[in-house]
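**Q** Handing you this structure, nothing more for now.
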Amino acid sequence: MNFLRGVMGGQSAGPQHTEAETIQKLCDRVASSTLLDDRRNAVRALKSLSKKYRLEVGIQAMEHLIHVLQTDRSDSEIIGYALDTLYNIISNDEEEEVEENSTRQSEDLGSQFTEIFIKQPENVTLLLSLLEEFDFHVRWPGVKLLTSLLKQLGPQVQQIILVSPMGVSRLMDLLADSREVIRNDGVLLLQALTRSNGAIQKIVAFENAFERLLDIITEEGNSDGGIVVEDCLILLQNLLKNNNSNQNFFKEGSYIQRMKPWFDVGDENSGWSAQKVTNLHVMLQLVRVLVSPTNPPGATSSCQKAMFQCGLLQQLCTILMATGVPADILTETINTVSEVIRGYQVNQDYFASVNAPSNPPRPAIVVLLMSMVNERQPFVLRCAVLYCFQCFLYKNQKGQGEIVSTLLPSTIDATGNSVSAGQLLCGGLFSTDSLSNWCAAVALAHALQENATQKEQLLRVQLATSIGNPPVSLLQQCTNILSQGDKIDRRGSKIQTRVGLLMLLCTWLSNCPIAVTHFLHNSANVPFLTGQIAENLGEEEQLVQGLCALLLGISIYFNDNSLESYMKEKLKQLIEKRIGKENFIEKLGFISKHELYSRASQKPQPNFPSPEYMIFDHEFTKLVKELEGVITKAIYKSSEEDKKEEEVKKTLEQHDSIVTHYKNMIREQDLQLEELKQQISTLKCQNEQLQTAVTQQVSQIQQHKDQYNLLKVQLGKDNPHQGSYSDATQMNGIQPEEVGRLREEIEELKSNQELLQSQLAEKDSLIENLKSSQASPGTNEQSSATASAQDSEQIAELKQELATLKSQLNSQSVEITKLQTEKQELLQKTETFAKPAPVPGESEAVAAAKTTDVEGRLSALLQETKELKNEIKALSEERAAIKEQLDASNSTIAILQNEKNKLEVDVTDSKKEQDDLLVLLADQDQKIFSLKNKLKELGHPVEEEDELESGDQDDEEDEDEDNGKDQGPI
């Protein structure tokens, strides 16, 4: 320990010990000491020496330090010292680099030690496992060490982490750490981890990195935050740049909407700190990553759509038109808006409607173009405006038409109160600043890109050059300026103006035979071009010669031979005589061989270090690549081949017209088929609905039939006497009408008096039967009343029994509840006795006696509990039996109630039958009385007439009395 104190106190052990010997002894102490304190102090001493004597500590102590990490994980202090020591050995700090004689030597030292450390992949895996420790003294040094390893040998360490189980997930947990130091260093670690590794980028993204990083940015104050915001934004860039999968995941996760608050900079003209400018710059770059022209078109357009829908584009346009915005932020905002609207019609239309907050309001496009043609504006800003204008017109024929229309005579504002985009472009095209000439020419060329209609429209533009002279067409004015060459004194590059005009003319004349005819109609143009190509000029002029050759080749290839003096064949002969075909082709090749040509062909954005490099436009390089080969073939073709080609072209045009015709027919038929398919689908739906309705109606009809048949059967069963009653009523109805038949019957009665007497006897017997049947319903009523009284008494008894059972059930449930509460109290007492608190000072015997007593009481309580459980079980069974009896009683009551209802129905039916019989009896009596009267009138004697009449009268009186009795109670 004294030795360790001497080392930690500044190596005061004596001059006889060199640094290497001291480090060696410390390493031996780490390796051999059995006490943890000794090993900890030795590692602490190595840490203090590791910065100054990095090489010696690294060579001798690295193996021992790794062993400490493996074996002493239980002690966080020694682990922290070991991690700090390894970090000092491996990292290349700036202070150390200043102290070292050579920075390169320091970097090599760090990479060598890193290589030694990761030679065993288990070391990196061990480091990842240590990061799971929450202890600050372990986690923070571990994060710094792993970050240093990634900086030294990133790809190798990335591969080890990638194959390590849950390696990336452990590192993602650092972002959720509540300690800001670890969280912030975790962001730096993930920056190094995700650099140039698509697989790790995808894993990190799907570990919810976007959500966590955006939360951190919001917590830190968005663009007003500190360097932590910048670090999070750089990490987001690493995850999204050139990674289509992550970009799609970012868009589908609705994270684009969360970017809008970043650009709420307010109307303040102050408060633009350096960190805020940096943050906003990186935020704009992150937006550009999502809508970069190098991304797949579908992914870019979906991001552009999301940015418009969430209001992000509107927010960027607000910054674009705001005052007091720093120049670099304004430039980057213009570039960002450019790529957000590039090729997406909805965003382009919105940008066209944006107005600057001026009085009177001016369109944003006009304000930007004013900056582009103003030579006092910064060069990078002018380039950004040109890029914005190009993106606005990219695949936007509507926007191209609006720009060209501002140059046409019918739309020019005669008052001159407002300046249009076309006027600004013409002003820049003819100004004395070569950079303005080039920018205006390229911008106007983009207004004509792949748009034959606007190329023809632009031929109508007339310019007033001077007072008293007739107006000149824009095409003629461009060729006039081109022919003047260096005669006009201009600021800037000598060839920039001519290159810009030649690019405009080449774009204008390509794929537009009418414009070629207008160009050739000026007799001075062709001699000028041939003269420029034929001369042997310096290297600076070779580019102009190549562009002149391209323009002349376009005039040949797209020539429709409408001018006899400048037909294709004559122009070829002119080239062969004055220039030579080989020389012409060589001059044409100067364009693609130029050093700035390949640079401009890489990216759409005009990004130049200085105005001198601003020579080629990206879209123009595509045109050159397209036309160079076809022009070369056209120059070498003979007249016969041209004629054949013309014939083939005509044939192809006819064929194309036929194909177009059939295409239109097919398109119309497709539309008709679609309409018919829609009609068929509609009719199918209607048919299905009607079929369903018919099926429902058929089922309803069948149900009604079944119900009707059922009712018919029931009526037949319930009314057995209805048939006889209806027959009787029919007889009574028919009798008055058949008088003749009755007369015949009277004649028969005269001759068969004996037969009538017998019929009268039968009627008497029938009357007696009816009287007896009349008396029987009364007995039925009495029996039914008796039965109903008995039913009511039985129902009352059952109800009383039911009430008694309910009261018993309630009392038993109360008793069960009481027993359950007693059981709970007994269980609580049991738990209390089961855990006796030890009393200090008591002897073991007393404790044993108490334990025995408690166990006895516990067994007694358990027995009592068991008995209570059995009693509860018996009560539950008794309760279930009572419930079954109650259910049976309820069912009996229901059955008796049904029987009572049936008896009441039978009583009602019997009363109806009695009434019907009385009616029949009265009719029969009336008939017999009428027949007797007729017999008396006929003179036939009737025996015992008085007796019969008195008997009949007595019967009638009896019947009246009975009817009175029956009707009374009713």
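Residues in the structure tokens are numbered from 1 in each chain, the chains being A, B, ... in the order shown, and ligands are numbered from 1 in the order shown.
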DSSP says strand (DSSP E or B) for which residues of segment 208-381 of chain A? Put them as a list in words?
**A**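 Filtering segment 208-381 of chain A to strand (DSSP E or B) leaves Asn355, Ala356, Arg362 and Pro363 of chain A.
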**Q** Could you write out that same residue set with N, CA, C and O atoms as a PDB file, in the first residue's frame?
**A**
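After the write, again_13.pdb holds the following:
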ATOM      1  N   ASN A 355     -47.564  34.663 -52.197  1.00  0.00           N
ATOM      2  CA  ASN A 355     -47.246  36.070 -52.424  1.00  0.00           C
ATOM      3  C   ASN A 355     -46.324  36.583 -51.324  1.00  0.00           C
ATOM      4  O   ASN A 355     -46.416  36.161 -50.165  1.00  0.00           O
ATOM      5  N   ALA A 356     -45.461  37.487 -51.707  1.00  0.00           N
ATOM      6  CA  ALA A 356     -44.575  38.131 -50.737  1.00  0.00           C
ATOM      7  C   ALA A 356     -45.349  39.196 -49.969  1.00  0.00           C
ATOM      8  O   ALA A 356     -46.240  39.852 -50.530  1.00  0.00           O
ATOM      9  N   ARG A 362     -46.653  40.818 -54.280  1.00  0.00           N
ATOM     10  CA  ARG A 362     -46.062  40.270 -55.495  1.00  0.00           C
ATOM     11  C   ARG A 362     -45.903  38.764 -55.348  1.00  0.00           C
ATOM     12  O   ARG A 362     -45.659  38.283 -54.242  1.00  0.00           O
ATOM     13  N   PRO A 363     -46.012  38.034 -56.460  1.00  0.00           N
ATOM     14  CA  PRO A 363     -45.789  36.591 -56.375  1.00  0.00           C
ATOM     15  C   PRO A 363     -44.368  36.275 -55.909  1.00  0.00           C
ATOM     16  O   PRO A 363     -43.415  36.997 -56.215  1.00  0.00           O
TER      17      PRO A 363
END
**Q** Identify, on the basis of only C-alpha atoms, every residue whose closest approach to Lys603 of chain A does not exceed 10 Å; exclude the query and any residue fewer than 5 positions from it along the same chain; express the result as a PyMOL selection string.
**A** chain A and resi 293-294+598+617-619
**Q** Would you save the residues of that selection, restricted to all heavy atoms, as a PDB file, in the first residue's frame?
**A**
ATOM      1  N   PRO A 293     -33.875  14.347 -55.171  1.00  0.00           N
ATOM      2  CA  PRO A 293     -34.141  13.811 -56.522  1.00  0.00           C
ATOM      3  C   PRO A 293     -33.528  12.442 -56.764  1.00  0.00           C
ATOM      4  O   PRO A 293     -33.944  11.740 -57.685  1.00  0.00           O
ATOM      5  CB  PRO A 293     -33.494  14.872 -57.434  1.00  0.00           C
ATOM      6  CG  PRO A 293     -33.430  16.110 -56.623  1.00  0.00           C
ATOM      7  CD  PRO A 293     -33.222  15.661 -55.212  1.00  0.00           C
ATOM      8  N   THR A 294     -32.539  12.043 -55.948  1.00  0.00           N
ATOM      9  CA  THR A 294     -31.938  10.726 -56.118  1.00  0.00           C
ATOM     10  C   THR A 294     -32.760   9.613 -55.491  1.00  0.00           C
ATOM     11  O   THR A 294     -32.472   8.432 -55.718  1.00  0.00           O
ATOM     12  CB  THR A 294     -30.529  10.716 -55.494  1.00  0.00           C
ATOM     13  OG1 THR A 294     -30.622  11.057 -54.098  1.00  0.00           O
ATOM     14  CG2 THR A 294     -29.627  11.726 -56.186  1.00  0.00           C
ATOM     15  N   SER A 598     -19.248  16.706 -67.136  1.00  0.00           N
ATOM     16  CA  SER A 598     -19.539  15.561 -66.269  1.00  0.00           C
ATOM     17  C   SER A 598     -19.984  16.013 -64.885  1.00  0.00           C
ATOM     18  O   SER A 598     -20.825  15.372 -64.239  1.00  0.00           O
ATOM     19  CB  SER A 598     -18.316  14.656 -66.163  1.00  0.00           C
ATOM     20  OG  SER A 598     -17.222  15.385 -65.637  1.00  0.00           O
ATOM     21  N   ASP A 617     -25.815  23.291 -67.740  1.00  0.00           N
ATOM     22  CA  ASP A 617     -27.024  22.997 -66.965  1.00  0.00           C
ATOM     23  C   ASP A 617     -27.287  21.488 -67.010  1.00  0.00           C
ATOM     24  O   ASP A 617     -26.999  20.813 -68.010  1.00  0.00           O
ATOM     25  CB  ASP A 617     -28.216  23.753 -67.554  1.00  0.00           C
ATOM     26  CG  ASP A 617     -29.522  23.377 -66.876  1.00  0.00           C
ATOM     27  OD1 ASP A 617     -29.608  23.501 -65.643  1.00  0.00           O
ATOM     28  OD2 ASP A 617     -30.440  22.929 -67.588  1.00  0.00           O
ATOM     29  N   HIS A 618     -27.830  20.956 -65.909  1.00  0.00           N
ATOM     30  CA  HIS A 618     -28.029  19.513 -65.792  1.00  0.00           C
ATOM     31  C   HIS A 618     -28.965  18.981 -66.883  1.00  0.00           C
ATOM     32  O   HIS A 618     -28.660  17.964 -67.536  1.00  0.00           O
ATOM     33  CB  HIS A 618     -28.606  19.194 -64.409  1.00  0.00           C
ATOM     34  CG  HIS A 618     -28.934  17.756 -64.212  1.00  0.00           C
ATOM     35  ND1 HIS A 618     -27.973  16.798 -63.993  1.00  0.00           N
ATOM     36  CD2 HIS A 618     -30.141  17.092 -64.211  1.00  0.00           C
ATOM     37  CE1 HIS A 618     -28.549  15.611 -63.859  1.00  0.00           C
ATOM     38  NE2 HIS A 618     -29.855  15.767 -63.987  1.00  0.00           N
ATOM     39  N   GLU A 619     -30.091  19.633 -67.116  1.00  0.00           N
ATOM     40  CA  GLU A 619     -31.032  19.168 -68.129  1.00  0.00           C
ATOM     41  C   GLU A 619     -30.439  19.266 -69.523  1.00  0.00           C
ATOM     42  O   GLU A 619     -30.738  18.435 -70.395  1.00  0.00           O
ATOM     43  CB  GLU A 619     -32.344  19.973 -68.045  1.00  0.00           C
ATOM     44  CG  GLU A 619     -33.145  19.749 -66.781  1.00  0.00           C
ATOM     45  CD  GLU A 619     -33.646  18.323 -66.664  1.00  0.00           C
ATOM     46  OE1 GLU A 619     -33.915  17.698 -67.709  1.00  0.00           O
ATOM     47  OE2 GLU A 619     -33.756  17.818 -65.527  1.00  0.00           O
TER      48      GLU A 619
END
**Q** Take atom CA of Leu214 of chain A and atom CA of Leu150 of chain A and report the distance between them in Å, one decimal.
**A** 24.2 Å
**Q** Let me make sure I understand: among A:Ile556, A:Glu595, A:His521, A:Asn511, which one has the smallest atom-to-atom distance to Lys570 of chain A if we use only C-alpha atoms?
**A**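 Closest residue, counting only C-alpha atoms: A:Ile556.
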**Q** Give me the residues within 9 Å of Val461 of chain A as a list in words, counting only C-alpha atoms and dropping any in the same chain fewer than 3 places off.
**A**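 The residues that qualify are Leu407, Leu408, Pro409, Gln457, Leu458, Val472, Ser473, Leu474 and Leu475 of chain A.
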**Q** Convert the current residue selection to file output with N, CA and C atoms, as an mmCIF file, in the first residue's frame.
**A**
data_model
loop_
_atom_site.group_PDB
_atom_site.id
_atom_site.type_symbol
_atom_site.label_atom_id
_atom_site.label_comp_id
_atom_site.auth_asym_id
_atom_site.auth_seq_id
_atom_site.Cartn_x
_atom_site.Cartn_y
_atom_site.Cartn_z
ATOM 1 N N LEU A 407 -44.808 36.763 -71.423
ATOM 2 C CA LEU A 407 -44.026 37.427 -72.477
ATOM 3 C C LEU A 407 -44.858 37.748 -73.710
ATOM 4 N N LEU A 408 -46.031 37.147 -73.814
ATOM 5 C CA LEU A 408 -46.839 37.339 -75.010
ATOM 6 C C LEU A 408 -47.486 38.727 -75.001
ATOM 7 N N PRO A 409 -47.715 39.295 -76.177
ATOM 8 C CA PRO A 409 -48.230 40.681 -76.239
ATOM 9 C C PRO A 409 -49.584 40.862 -75.559
ATOM 10 N N GLN A 457 -45.210 28.975 -78.999
ATOM 11 C CA GLN A 457 -45.743 30.221 -78.442
ATOM 12 C C GLN A 457 -44.654 31.275 -78.284
ATOM 13 N N LEU A 458 -43.463 30.847 -77.901
ATOM 14 C CA LEU A 458 -42.375 31.805 -77.674
ATOM 15 C C LEU A 458 -41.924 32.472 -78.967
ATOM 16 N N VAL A 472 -38.409 43.319 -82.899
ATOM 17 C CA VAL A 472 -37.644 42.143 -83.321
ATOM 18 C C VAL A 472 -38.124 40.960 -82.486
ATOM 19 N N SER A 473 -38.169 39.781 -83.100
ATOM 20 C CA SER A 473 -38.575 38.590 -82.348
ATOM 21 C C SER A 473 -37.502 38.221 -81.334
ATOM 22 N N LEU A 474 -37.924 37.510 -80.290
ATOM 23 C CA LEU A 474 -36.981 37.083 -79.257
ATOM 24 C C LEU A 474 -35.914 36.167 -79.839
ATOM 25 N N LEU A 475 -36.316 35.302 -80.758
ATOM 26 C CA LEU A 475 -35.342 34.402 -81.393
ATOM 27 C C LEU A 475 -34.295 35.194 -82.160
#
